[in-house]
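**Student:** One file is attached below, final-v9.cif, containing mmCIF, C-alpha atoms.
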data_target
#
loop_
_atom_site.group_PDB
_atom_site.id
_atom_site.type_symbol
_atom_site.label_atom_id
_atom_site.label_comp_id
_atom_site.auth_asym_id
_atom_site.auth_seq_id
_atom_site.Cartn_x
_atom_site.Cartn_y
_atom_site.Cartn_z
ATOM 1 C CA MET G 1 -13.524 -171.030 -10.471
ATOM 2 C CA GLN G 2 -12.469 -169.940 -13.941
ATOM 3 C CA LYS G 3 -13.581 -166.378 -13.076
ATOM 4 C CA VAL G 4 -11.499 -166.405 -9.867
ATOM 5 C CA ALA G 5 -8.451 -167.636 -11.759
ATOM 6 C CA GLU G 6 -8.863 -164.869 -14.356
ATOM 7 C CA ILE G 7 -9.046 -162.214 -11.592
ATOM 8 C CA ALA G 8 -5.953 -163.635 -9.861
ATOM 9 C CA ALA G 9 -3.978 -163.664 -13.102
ATOM 10 C CA ALA G 10 -4.972 -160.079 -13.827
ATOM 11 C CA SER G 11 -3.896 -159.028 -10.318
ATOM 12 C CA CYS G 12 -0.492 -160.653 -10.739
ATOM 13 C CA ALA G 13 0.012 -158.937 -14.077
ATOM 14 C CA LEU G 14 -0.895 -155.588 -12.515
ATOM 15 C CA VAL G 15 1.597 -156.087 -9.668
ATOM 16 C CA LEU G 16 4.378 -156.965 -12.120
ATOM 17 C CA LEU G 17 3.522 -153.979 -14.303
ATOM 18 C CA LEU G 18 3.674 -151.602 -11.332
ATOM 19 C CA GLY G 19 6.950 -153.163 -10.189
ATOM 20 C CA PHE G 20 8.588 -152.620 -13.608
ATOM 21 C CA ALA G 21 7.234 -149.097 -13.741
ATOM 22 C CA GLY G 22 8.662 -148.325 -10.322
ATOM 23 C CA SER G 23 12.003 -149.781 -11.369
ATOM 24 C CA SER G 24 11.988 -147.625 -14.507
ATOM 25 C CA ARG G 25 11.320 -144.503 -12.474
ATOM 26 C CA LEU G 26 14.257 -145.321 -10.163
ATOM 27 C CA GLN G 27 16.588 -145.914 -13.090
ATOM 28 C CA ALA G 28 15.468 -142.690 -14.722
ATOM 29 C CA ALA G 29 16.801 -140.502 -11.857
ATOM 30 C CA PRO G 30 18.969 -137.722 -13.272
ATOM 31 C CA ALA G 31 22.660 -138.576 -13.568
ATOM 32 C CA SER G 32 23.545 -135.364 -11.735
ATOM 33 C CA ALA G 33 21.520 -136.450 -8.725
ATOM 34 C CA ARG G 34 23.161 -139.845 -8.650
ATOM 35 C CA ALA G 35 26.611 -138.295 -8.900
ATOM 36 C CA ALA G 36 25.841 -135.925 -6.054
ATOM 37 C CA ARG G 37 25.318 -138.708 -3.537
ATOM 38 C CA THR G 38 28.298 -138.870 -1.185
ATOM 39 C CA HIS G 39 29.744 -142.354 -0.899
ATOM 40 C CA ILE G 40 31.950 -143.558 1.957
ATOM 41 C CA GLY G 41 33.485 -146.994 1.755
ATOM 42 C CA THR G 42 33.542 -149.520 -1.031
ATOM 43 C CA VAL G 43 31.424 -148.963 -4.107
ATOM 44 C CA ALA G 44 30.427 -152.598 -4.077
ATOM 45 C CA ARG G 45 28.692 -152.332 -0.683
ATOM 46 C CA GLN G 46 24.957 -152.979 -1.058
ATOM 47 C CA ARG G 47 22.724 -150.048 -0.035
ATOM 48 C CA PRO G 48 18.993 -149.794 0.589
ATOM 49 C CA LEU G 49 16.895 -147.718 -1.787
ATOM 50 C CA PHE G 50 16.180 -144.105 -0.812
ATOM 51 C CA GLN G 51 19.161 -144.117 1.563
ATOM 52 C CA MET G 52 20.317 -141.013 3.375
ATOM 53 C CA ARG G 53 23.488 -139.256 2.334
ATOM 54 C CA ALA G 54 26.524 -141.282 3.404
ATOM 55 C CA GLN G 55 27.638 -138.675 5.945
ATOM 56 C CA ASP G 56 24.199 -138.631 7.587
ATOM 57 C CA ARG G 57 24.055 -142.417 7.685
ATOM 58 C CA LEU G 58 27.541 -142.510 9.196
ATOM 59 C CA PHE G 59 26.648 -140.217 12.064
ATOM 60 C CA ARG G 60 23.089 -141.361 12.753
ATOM 61 C CA SER G 61 22.910 -142.244 16.449
ATOM 62 C CA ARG G 62 23.084 -145.935 17.291
ATOM 63 C CA ARG G 63 22.870 -145.561 21.065
ATOM 64 C CA ALA G 64 19.226 -146.641 21.275
ATOM 65 C CA GLY G 65 19.976 -150.116 22.582
ATOM 66 C CA ALA G 66 22.838 -152.379 23.518
ATOM 67 C CA MET G 67 24.045 -154.897 20.971
ATOM 68 C CA SER G 68 23.008 -158.437 21.852
ATOM 69 C CA VAL G 69 25.978 -160.171 20.210
ATOM 70 C CA ALA G 70 29.401 -159.795 21.831
ATOM 71 C CA ALA G 71 31.412 -159.289 18.636
ATOM 72 C CA SER G 72 32.624 -156.414 16.482
ATOM 73 C CA ASN G 73 29.830 -154.607 14.690
ATOM 74 C CA THR G 74 32.186 -153.164 12.065
ATOM 75 C CA ARG G 75 31.418 -153.794 8.403
ATOM 76 C CA ASP G 76 33.760 -152.381 5.740
ATOM 77 C CA PRO G 77 34.826 -149.393 7.906
ATOM 78 C CA ALA G 78 35.136 -145.875 6.557
ATOM 79 C CA PHE G 79 37.168 -144.591 9.519
ATOM 80 C CA ALA G 80 38.953 -145.820 12.644
ATOM 81 C CA LEU G 81 38.960 -144.392 16.163
ATOM 82 C CA LEU G 82 41.903 -145.523 18.321
ATOM 83 C CA PHE G 83 42.092 -144.806 22.045
ATOM 84 C CA ASP G 84 45.160 -144.735 24.234
ATOM 85 C CA CYS G 85 44.431 -146.167 27.691
ATOM 86 C CA ASP G 86 46.323 -144.545 30.567
ATOM 87 C CA GLY G 87 45.357 -140.883 30.768
ATOM 88 C CA VAL G 88 42.679 -141.164 28.071
ATOM 89 C CA ILE G 89 40.273 -143.858 29.228
ATOM 90 C CA VAL G 90 41.237 -143.591 32.894
ATOM 91 C CA LEU G 91 43.544 -141.322 34.918
ATOM 92 C CA THR G 92 46.150 -143.835 36.050
ATOM 93 C CA GLU G 93 49.460 -141.991 35.992
ATOM 94 C CA GLU G 94 49.501 -141.294 39.725
ATOM 95 C CA LEU G 95 48.556 -144.922 40.343
ATOM 96 C CA HIS G 96 51.523 -146.011 38.212
ATOM 97 C CA ARG G 97 53.869 -143.727 40.169
ATOM 98 C CA ILE G 98 52.734 -145.126 43.507
ATOM 99 C CA ALA G 99 53.120 -148.694 42.217
ATOM 100 C CA TYR G 100 56.666 -148.022 40.944
ATOM 101 C CA ASN G 101 57.677 -146.597 44.313
ATOM 102 C CA LYS G 102 56.196 -149.613 46.106
ATOM 103 C CA ALA G 103 58.266 -151.893 43.844
ATOM 104 C CA PHE G 104 61.428 -149.852 44.494
ATOM 105 C CA GLU G 105 60.784 -150.119 48.227
ATOM 106 C CA LYS G 106 60.026 -153.844 48.028
ATOM 107 C CA LEU G 107 63.389 -154.601 46.399
ATOM 108 C CA ASP G 108 65.285 -151.904 48.339
ATOM 109 C CA ILE G 109 66.350 -150.134 45.146
ATOM 110 C CA ARG G 110 69.100 -147.593 45.826
ATOM 111 C CA ILE G 111 71.437 -145.406 43.794
ATOM 112 C CA ASN G 112 74.645 -144.425 45.597
ATOM 113 C CA GLY G 113 73.061 -145.602 48.844
ATOM 114 C CA GLU G 114 69.958 -143.411 48.486
ATOM 115 C CA PRO G 115 66.492 -145.011 48.144
ATOM 116 C CA VAL G 116 64.903 -144.491 44.720
ATOM 117 C CA GLU G 117 61.557 -142.710 44.890
ATOM 118 C CA TRP G 118 59.902 -140.919 41.992
ATOM 119 C CA SER G 119 58.253 -137.644 42.966
ATOM 120 C CA VAL G 120 55.099 -136.307 41.303
ATOM 121 C CA GLU G 121 57.123 -133.606 39.547
ATOM 122 C CA TYR G 122 59.759 -136.023 38.284
ATOM 123 C CA TYR G 123 57.203 -138.576 37.114
ATOM 124 C CA ASP G 124 55.391 -135.868 35.138
ATOM 125 C CA ILE G 125 58.611 -135.275 33.229
ATOM 126 C CA LEU G 126 59.343 -138.968 32.869
ATOM 127 C CA GLN G 127 55.921 -139.917 31.487
ATOM 128 C CA ASN G 128 56.157 -137.152 28.894
ATOM 129 C CA THR G 129 59.610 -138.311 27.823
ATOM 130 C CA VAL G 130 59.494 -142.121 27.718
ATOM 131 C CA GLY G 131 56.680 -144.507 26.868
ATOM 132 C CA GLY G 132 56.243 -147.844 28.648
ATOM 133 C CA GLY G 133 57.178 -149.006 32.161
ATOM 134 C CA LYS G 134 60.428 -150.881 31.543
ATOM 135 C CA PRO G 135 61.820 -148.148 29.251
ATOM 136 C CA LYS G 136 61.047 -145.579 31.996
ATOM 137 C CA MET G 137 63.095 -147.495 34.565
ATOM 138 C CA LYS G 138 65.981 -148.112 32.159
ATOM 139 C CA TYR G 139 65.977 -144.425 31.213
ATOM 140 C CA HIS G 140 66.105 -143.433 34.884
ATOM 141 C CA PHE G 141 68.922 -145.825 35.801
ATOM 142 C CA ASN G 142 70.970 -145.040 32.697
ATOM 143 C CA ASN G 143 70.774 -141.338 33.468
ATOM 144 C CA ASN G 144 71.082 -141.433 37.260
ATOM 145 C CA GLY G 145 73.275 -144.427 37.994
ATOM 146 C CA MET G 146 73.013 -148.213 38.231
ATOM 147 C CA PRO G 147 70.946 -149.379 41.217
ATOM 148 C CA SER G 148 71.664 -151.842 43.974
ATOM 149 C CA SER G 149 68.869 -154.092 45.191
ATOM 150 C CA SER G 150 68.008 -156.867 47.617
ATOM 151 C CA VAL G 151 67.844 -159.467 44.825
ATOM 152 C CA THR G 152 70.827 -158.732 42.563
ATOM 153 C CA GLY G 153 74.127 -156.946 42.630
ATOM 154 C CA VAL G 154 74.665 -153.632 40.865
ATOM 155 C CA PRO G 155 74.128 -154.343 37.149
ATOM 156 C CA ASN G 156 77.316 -154.250 35.079
ATOM 157 C CA THR G 157 75.752 -155.027 31.688
ATOM 158 C CA ALA G 158 72.614 -154.124 29.780
ATOM 159 C CA GLU G 159 71.457 -157.735 30.196
ATOM 160 C CA GLU G 160 71.834 -157.589 33.988
ATOM 161 C CA LEU G 161 69.926 -154.292 34.093
ATOM 162 C CA SER G 162 67.156 -155.834 31.997
ATOM 163 C CA THR G 163 66.907 -158.748 34.441
ATOM 164 C CA LEU G 164 66.490 -156.379 37.394
ATOM 165 C CA VAL G 165 63.989 -154.229 35.502
ATOM 166 C CA ASP G 166 61.965 -157.341 34.626
ATOM 167 C CA ILE G 167 61.739 -158.257 38.329
ATOM 168 C CA LEU G 168 60.802 -154.699 39.250
ATOM 169 C CA GLN G 169 58.131 -154.616 36.565
ATOM 170 C CA ASP G 170 56.585 -157.818 37.900
ATOM 171 C CA TRP G 171 56.324 -156.348 41.406
ATOM 172 C CA LYS G 172 55.095 -153.014 40.054
ATOM 173 C CA THR G 173 52.321 -154.814 38.171
ATOM 174 C CA ILE G 174 51.228 -156.661 41.314
ATOM 175 C CA PHE G 175 50.965 -153.403 43.281
ATOM 176 C CA TYR G 176 49.332 -151.584 40.372
ATOM 177 C CA LYS G 177 46.611 -154.196 39.947
ATOM 178 C CA GLU G 178 45.776 -153.955 43.638
ATOM 179 C CA ILE G 179 45.404 -150.161 43.417
ATOM 180 C CA VAL G 180 43.506 -150.092 40.113
ATOM 181 C CA GLY G 181 40.884 -152.552 41.291
ATOM 182 C CA GLU G 182 40.000 -150.162 44.103
ATOM 183 C CA VAL G 183 40.003 -146.682 42.543
ATOM 184 C CA ALA G 184 40.044 -146.659 38.714
ATOM 185 C CA THR G 185 37.123 -144.932 36.939
ATOM 186 C CA ALA G 186 36.594 -143.754 33.362
ATOM 187 C CA ARG G 187 37.224 -140.156 32.338
ATOM 188 C CA PRO G 188 34.192 -138.048 31.336
ATOM 189 C CA GLY G 189 32.689 -138.905 27.955
ATOM 190 C CA VAL G 190 35.149 -141.601 26.928
ATOM 191 C CA LEU G 191 32.896 -144.649 27.309
ATOM 192 C CA GLU G 192 29.964 -142.815 25.692
ATOM 193 C CA LEU G 193 32.112 -141.994 22.649
ATOM 194 C CA MET G 194 33.485 -145.533 22.531
ATOM 195 C CA ASP G 195 29.964 -146.992 22.652
ATOM 196 C CA GLU G 196 28.780 -144.689 19.871
ATOM 197 C CA ALA G 197 31.688 -145.812 17.700
ATOM 198 C CA ILE G 198 31.221 -149.507 18.556
ATOM 199 C CA ASN G 199 27.559 -149.305 17.559
ATOM 200 C CA ASN G 200 28.376 -147.677 14.216
ATOM 201 C CA PRO G 201 29.334 -150.387 11.684
ATOM 202 C CA GLU G 202 31.360 -147.923 9.601
ATOM 203 C CA ILE G 203 33.746 -147.013 12.437
ATOM 204 C CA ALA G 204 36.476 -149.436 13.494
ATOM 205 C CA VAL G 205 37.391 -149.033 17.167
ATOM 206 C CA GLY G 206 40.498 -149.984 19.097
ATOM 207 C CA ILE G 207 42.659 -149.420 22.162
ATOM 208 C CA CYS G 208 46.441 -149.072 21.778
ATOM 209 C CA SER G 209 48.383 -148.783 25.043
ATOM 210 C CA ALA G 210 52.080 -148.659 25.857
ATOM 211 C CA ALA G 211 51.395 -150.375 29.196
ATOM 212 C CA THR G 212 52.417 -153.968 29.824
ATOM 213 C CA LYS G 213 49.624 -156.400 29.059
ATOM 214 C CA GLU G 214 48.990 -157.661 32.590
ATOM 215 C CA GLY G 215 48.456 -154.193 34.070
ATOM 216 C CA PHE G 216 46.645 -152.996 30.947
ATOM 217 C CA GLU G 217 44.183 -155.891 31.065
ATOM 218 C CA LYS G 218 43.400 -155.156 34.700
ATOM 219 C CA VAL G 219 42.511 -151.547 33.832
ATOM 220 C CA VAL G 220 40.429 -152.204 30.733
ATOM 221 C CA ASN G 221 38.555 -155.115 32.290
ATOM 222 C CA ALA G 222 37.719 -153.001 35.336
ATOM 223 C CA VAL G 223 36.832 -149.780 33.503
ATOM 224 C CA VAL G 224 35.932 -150.661 29.901
ATOM 225 C CA GLY G 225 34.457 -154.064 30.747
ATOM 226 C CA PRO G 226 34.739 -157.475 29.021
ATOM 227 C CA GLU G 227 31.542 -157.087 26.967
ATOM 228 C CA ARG G 228 32.615 -153.767 25.473
ATOM 229 C CA LEU G 229 36.144 -155.071 24.882
ATOM 230 C CA SER G 230 34.788 -158.052 22.944
ATOM 231 C CA LYS G 231 33.245 -155.666 20.406
ATOM 232 C CA LEU G 232 36.471 -153.821 19.603
ATOM 233 C CA ASP G 233 38.302 -154.372 16.315
ATOM 234 C CA VAL G 234 41.816 -154.171 17.727
ATOM 235 C CA VAL G 235 43.278 -154.186 21.256
ATOM 236 C CA MET G 236 47.052 -153.856 21.678
ATOM 237 C CA ALA G 237 49.345 -153.428 24.676
ATOM 238 C CA GLY G 238 53.022 -152.642 24.985
ATOM 239 C CA ASP G 239 53.944 -156.338 24.949
ATOM 240 C CA ASP G 240 52.516 -156.621 21.431
ATOM 241 C CA VAL G 241 55.188 -154.384 19.882
ATOM 242 C CA THR G 242 58.979 -154.353 19.835
ATOM 243 C CA ARG G 243 59.191 -150.557 20.066
ATOM 244 C CA LYS G 244 57.137 -148.445 22.473
ATOM 245 C CA LYS G 245 55.634 -144.992 22.003
ATOM 246 C CA PRO G 246 56.755 -142.405 20.843
ATOM 247 C CA ASP G 247 57.632 -144.897 18.119
ATOM 248 C CA PRO G 248 54.575 -145.151 15.808
ATOM 249 C CA LEU G 249 54.767 -148.944 15.492
ATOM 250 C CA ILE G 250 51.703 -149.719 17.623
ATOM 251 C CA TYR G 251 49.486 -147.423 15.546
ATOM 252 C CA ASN G 252 50.906 -148.675 12.261
ATOM 253 C CA LEU G 253 50.150 -152.268 13.279
ATOM 254 C CA ALA G 254 46.646 -151.330 14.435
ATOM 255 C CA ARG G 255 45.970 -149.669 11.083
ATOM 256 C CA GLU G 256 47.156 -152.762 9.242
ATOM 257 C CA LYS G 257 44.862 -154.981 11.320
ATOM 258 C CA ILE G 258 41.896 -152.736 10.577
ATOM 259 C CA GLY G 259 42.801 -152.352 6.902
ATOM 260 C CA LEU G 260 42.471 -148.577 6.509
ATOM 261 C CA PRO G 261 44.880 -145.902 5.232
ATOM 262 C CA LYS G 262 46.444 -143.650 7.857
ATOM 263 C CA GLU G 263 44.407 -140.641 6.695
ATOM 264 C CA LYS G 264 41.223 -142.404 7.842
ATOM 265 C CA CYS G 265 42.451 -143.013 11.388
ATOM 266 C CA VAL G 266 41.961 -140.758 14.412
ATOM 267 C CA VAL G 267 43.904 -141.316 17.625
ATOM 268 C CA ILE G 268 42.971 -139.996 21.062
ATOM 269 C CA GLU G 269 45.999 -139.428 23.300
ATOM 270 C CA ASP G 270 46.883 -137.438 26.420
ATOM 271 C CA SER G 271 50.630 -136.797 26.226
ATOM 272 C CA ILE G 272 53.415 -135.612 23.953
ATOM 273 C CA VAL G 273 54.786 -139.164 23.832
ATOM 274 C CA GLY G 274 51.483 -140.524 22.524
ATOM 275 C CA LEU G 275 51.007 -137.565 20.185
ATOM 276 C CA LYS G 276 54.400 -138.206 18.587
ATOM 277 C CA ALA G 277 53.460 -141.845 18.060
ATOM 278 C CA ALA G 278 50.172 -140.897 16.378
ATOM 279 C CA LYS G 279 51.688 -138.205 14.156
ATOM 280 C CA GLY G 280 54.626 -140.478 13.342
ATOM 281 C CA ALA G 281 52.044 -142.910 11.971
ATOM 282 C CA GLY G 282 50.555 -140.086 9.877
ATOM 283 C CA MET G 283 47.231 -140.052 11.748
ATOM 284 C CA ASN G 284 44.978 -137.317 13.056
ATOM 285 C CA CYS G 285 45.294 -136.909 16.822
ATOM 286 C CA ILE G 286 42.972 -135.478 19.466
ATOM 287 C CA ILE G 287 44.529 -134.693 22.835
ATOM 288 C CA THR G 288 42.568 -134.935 26.080
ATOM 289 C CA TYR G 289 45.094 -133.484 28.482
ATOM 290 C CA THR G 290 45.551 -134.322 32.158
ATOM 291 C CA SER G 291 46.695 -132.188 35.082
ATOM 292 C CA SER G 292 50.272 -133.279 34.414
ATOM 293 C CA THR G 293 50.195 -132.632 30.648
ATOM 294 C CA LYS G 294 47.952 -129.542 30.353
ATOM 295 C CA ASP G 295 50.870 -127.140 29.848
ATOM 296 C CA GLN G 296 52.446 -129.125 27.008
ATOM 297 C CA ASP G 297 52.669 -127.498 23.561
ATOM 298 C CA PHE G 298 50.397 -129.994 21.840
ATOM 299 C CA PHE G 299 49.546 -127.821 18.844
ATOM 300 C CA GLY G 300 53.246 -127.104 18.363
ATOM 301 C CA GLU G 301 53.814 -130.865 18.133
ATOM 302 C CA GLY G 302 51.069 -131.276 15.530
ATOM 303 C CA ALA G 303 47.885 -132.045 17.492
ATOM 304 C CA ASP G 304 44.706 -131.611 15.449
ATOM 305 C CA ALA G 305 42.529 -130.816 18.475
ATOM 306 C CA VAL G 306 43.037 -130.360 22.218
ATOM 307 C CA ARG G 307 40.250 -130.908 24.750
ATOM 308 C CA GLU G 308 39.983 -131.083 28.519
ATOM 309 C CA ASP G 309 37.929 -134.253 28.167
ATOM 310 C CA LEU G 310 35.518 -135.998 25.768
ATOM 311 C CA SER G 311 32.246 -135.029 27.451
ATOM 312 C CA ASP G 312 31.061 -132.928 24.479
ATOM 313 C CA VAL G 313 32.726 -134.909 21.677
ATOM 314 C CA ASN G 314 30.833 -137.290 19.368
ATOM 315 C CA LEU G 315 31.399 -139.075 16.051
ATOM 316 C CA GLU G 316 29.845 -136.327 14.003
ATOM 317 C CA ARG G 317 32.167 -133.667 15.400
ATOM 318 C CA ILE G 318 35.185 -135.873 14.726
ATOM 319 C CA PHE G 319 34.435 -137.474 11.383
ATOM 320 C CA ARG G 320 31.989 -135.257 9.468
ATOM 321 C CA PRO G 321 34.692 -132.707 8.514
ATOM 322 C CA MET G 322 36.936 -135.557 7.373
ATOM 323 C CA ALA G 323 34.106 -137.166 5.386
ATOM 324 C CA GLU G 324 33.520 -133.825 3.648
ATOM 325 C CA GLY G 325 37.205 -133.348 2.829
ATOM 326 C CA SER G 326 38.014 -130.827 5.569
ATOM 327 C CA ALA G 327 40.534 -130.950 8.385
ATOM 328 C CA LEU G 328 39.571 -132.352 11.753
ATOM 329 C CA ALA G 329 38.609 -129.469 14.068
ATOM 330 C CA LEU G 330 36.722 -129.718 17.344
#
Please re-express this file's structure in structure tokens.
**Tutor:**
Amino acid sequence: MQKVAEIAAASCALVLLLGFAGSSRLQAAPASARAARTHIGTVARQRPLFQMRAQDRLFRSRRAGAMSVAASNTRDPAFALLFDCDGVIVLTEELHRIAYNKAFEKLDIRINGEPVEWSVEYYDILQNTVGGGKPKMKYHFNNNGMPSSSVTGVPNTAEELSTLVDILQDWKTIFYKEIVGEVATARPGVLELMDEAINNPEIAVGICSAATKEGFEKVVNAVVGPERLSKLDVVMAGDDVTRKKPDPLIYNLAREKIGLPKEKCVVIEDSIVGLKAAKGAGMNCIITYTSSTKDQDFFGEGADAVREDLSDVNLERIFRPMAEGSALAL
């Protein structure tokens, strides 16, 4: 037994000796090599030994399997990716137009005796001028005349107009939810990119929409899905802010919630209105244009990249240039 104990003690000593030697070799790595390692995020974050470069770790694919816990995967994010909803995640603008016209018809909305009906051409202009449903209607009535309706008289004050617009918006939302549940589908590549970002703990992910919350929730629940939504870091609708796009408030608030500087945030939008909101917040902005916005001068308004859709876009193409100190360029 004494012999066995002596062998065991010697083995333990050998293991400890090798451990200290290994530690010494790690500590003796040249200072130049240590300094060359790129670091994204907080210095205090604990890292495994023999880690990859920070950029490579950031963009390593995490699509291998679905996360089992329905909660944000983000840990001390290096960047943020913020999606608009209508026009970016799903093509809904025509659905909105149809729903508005159904609401106008329901309440017999007329200006100077003529029924109000927004044409495709007019709505294209309207959606690229004003953000949010209620502001669109107020803009139209203020510029074309106060409407009569089956529920109120012709508004004489801003308060009376707001009351009518509130009623119209309620009916519009009812019609919109009926339509969305039947036909809404995601645009190419958007859910794949969102999933890649959700599964990367160094990317905060959010959706920031100018739409009213009730209609917005119908869209994102139908297209994005409750499980995916539960893993996002921030979700905001038009009701969550006092000023709608093109005001940058929604993106400024999202950035504050995430806790990152504006230079680390990338927004994906589809219109000039959304682009102005993103650039007003000082953020990089990728445009995925639609049939109604494709002829807009996005680069002239400051867009960092313009794409038909997101089918060939991934985290590495978006964030590697930024991580290496270069401008975003797809």
**Student:** Between CA of Ser292 in chain G and CA of Ile272 in chain G, measure the distance and give it in Å to one decimal.
**Tutor:**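 Going from CA of Ser292 in chain G over to CA of Ile272 in chain G, I get 11.2 Å.
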**Student:** From the set G:Ala237, G:Met194, G:Ile258, G:Met137, which residue has the shortest atom-to-atom contact distance to Glu117 in chain G, counting all atoms listed in the file?
**Tutor:**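 Going through G:Ala237, G:Met194, G:Ile258, G:Met137 one by one, the smallest distance to Glu117 in chain G is for G:Met137.
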**Student:** Please evaluate the PyMOL selection byres ((chain G and resi 164-172) around 12) against the structure above and give the resulting residues as an MDAnalysis selection string.
**Tutor:** chainID G and resid 95:109 132:142 146:163 173:180 211:215
**Student:** Kindly give the distance, in Å, that separates CA of Leu310 in chain G and CA of Gly189 in chain G, rounded to a single decimal.
**Tutor:** 4.6 Å
**Student:** Calculate how many Å separate CA of Lys264 in chain G from CA of Glu324 in chain G, rounding to one decimal.
**Tutor:** 12.3 Å
**Student:** Would you mind telling me which residue in G:Leu328, G:Val130, G:Val205, G:Ile287 lies nearest to Arg255 in chain G when using only C-alpha atoms?
**Tutor:**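 Of G:Leu328, G:Val130, G:Val205, G:Ile287, the one nearest Arg255 in chain G is G:Val205, counting only C-alpha atoms.
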**Student:** Quick one: which residues end up in the PyMOL selection byres ((chain G and resi 78) around 8) for this structure, as a list in words?
**Tutor:**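 For this structure, the PyMOL selection byres ((chain G and resi 78) around 8) captures Ile40, Gly41, Asp76, Pro77, Phe79, Ala80, Glu202, Ile203, Ala204, Leu260 and Lys264 of chain G.
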**Student:** Residues of the last selection are to be written out with C-alpha atoms, as an mmCIF file, in the coordinates of the input.
**Tutor:**
data_model
loop_
_atom_site.group_PDB
_atom_site.id
_atom_site.type_symbol
_atom_site.label_atom_id
_atom_site.label_comp_id
_atom_site.auth_asym_id
_atom_site.auth_seq_id
_atom_site.Cartn_x
_atom_site.Cartn_y
_atom_site.Cartn_z
ATOM 1 C CA ILE G 40 31.950 -143.558 1.957
ATOM 2 C CA GLY G 41 33.485 -146.994 1.755
ATOM 3 C CA ASP G 76 33.760 -152.381 5.740
ATOM 4 C CA PRO G 77 34.826 -149.393 7.906
ATOM 5 C CA PHE G 79 37.168 -144.591 9.519
ATOM 6 C CA ALA G 80 38.953 -145.820 12.644
ATOM 7 C CA GLU G 202 31.360 -147.923 9.601
ATOM 8 C CA ILE G 203 33.746 -147.013 12.437
ATOM 9 C CA ALA G 204 36.476 -149.436 13.494
ATOM 10 C CA LEU G 260 42.471 -148.577 6.509
ATOM 11 C CA LYS G 264 41.223 -142.404 7.842
#
**Student:** With distances taken over all atoms listed in the file, which of G:Ser271, G:Thr185, G:Ala281, G:Cys208 is nearest to Lys294 in chain G?
**Tutor:**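 The shortest atom-to-atom distance to Lys294 in chain G comes from G:Ser271.
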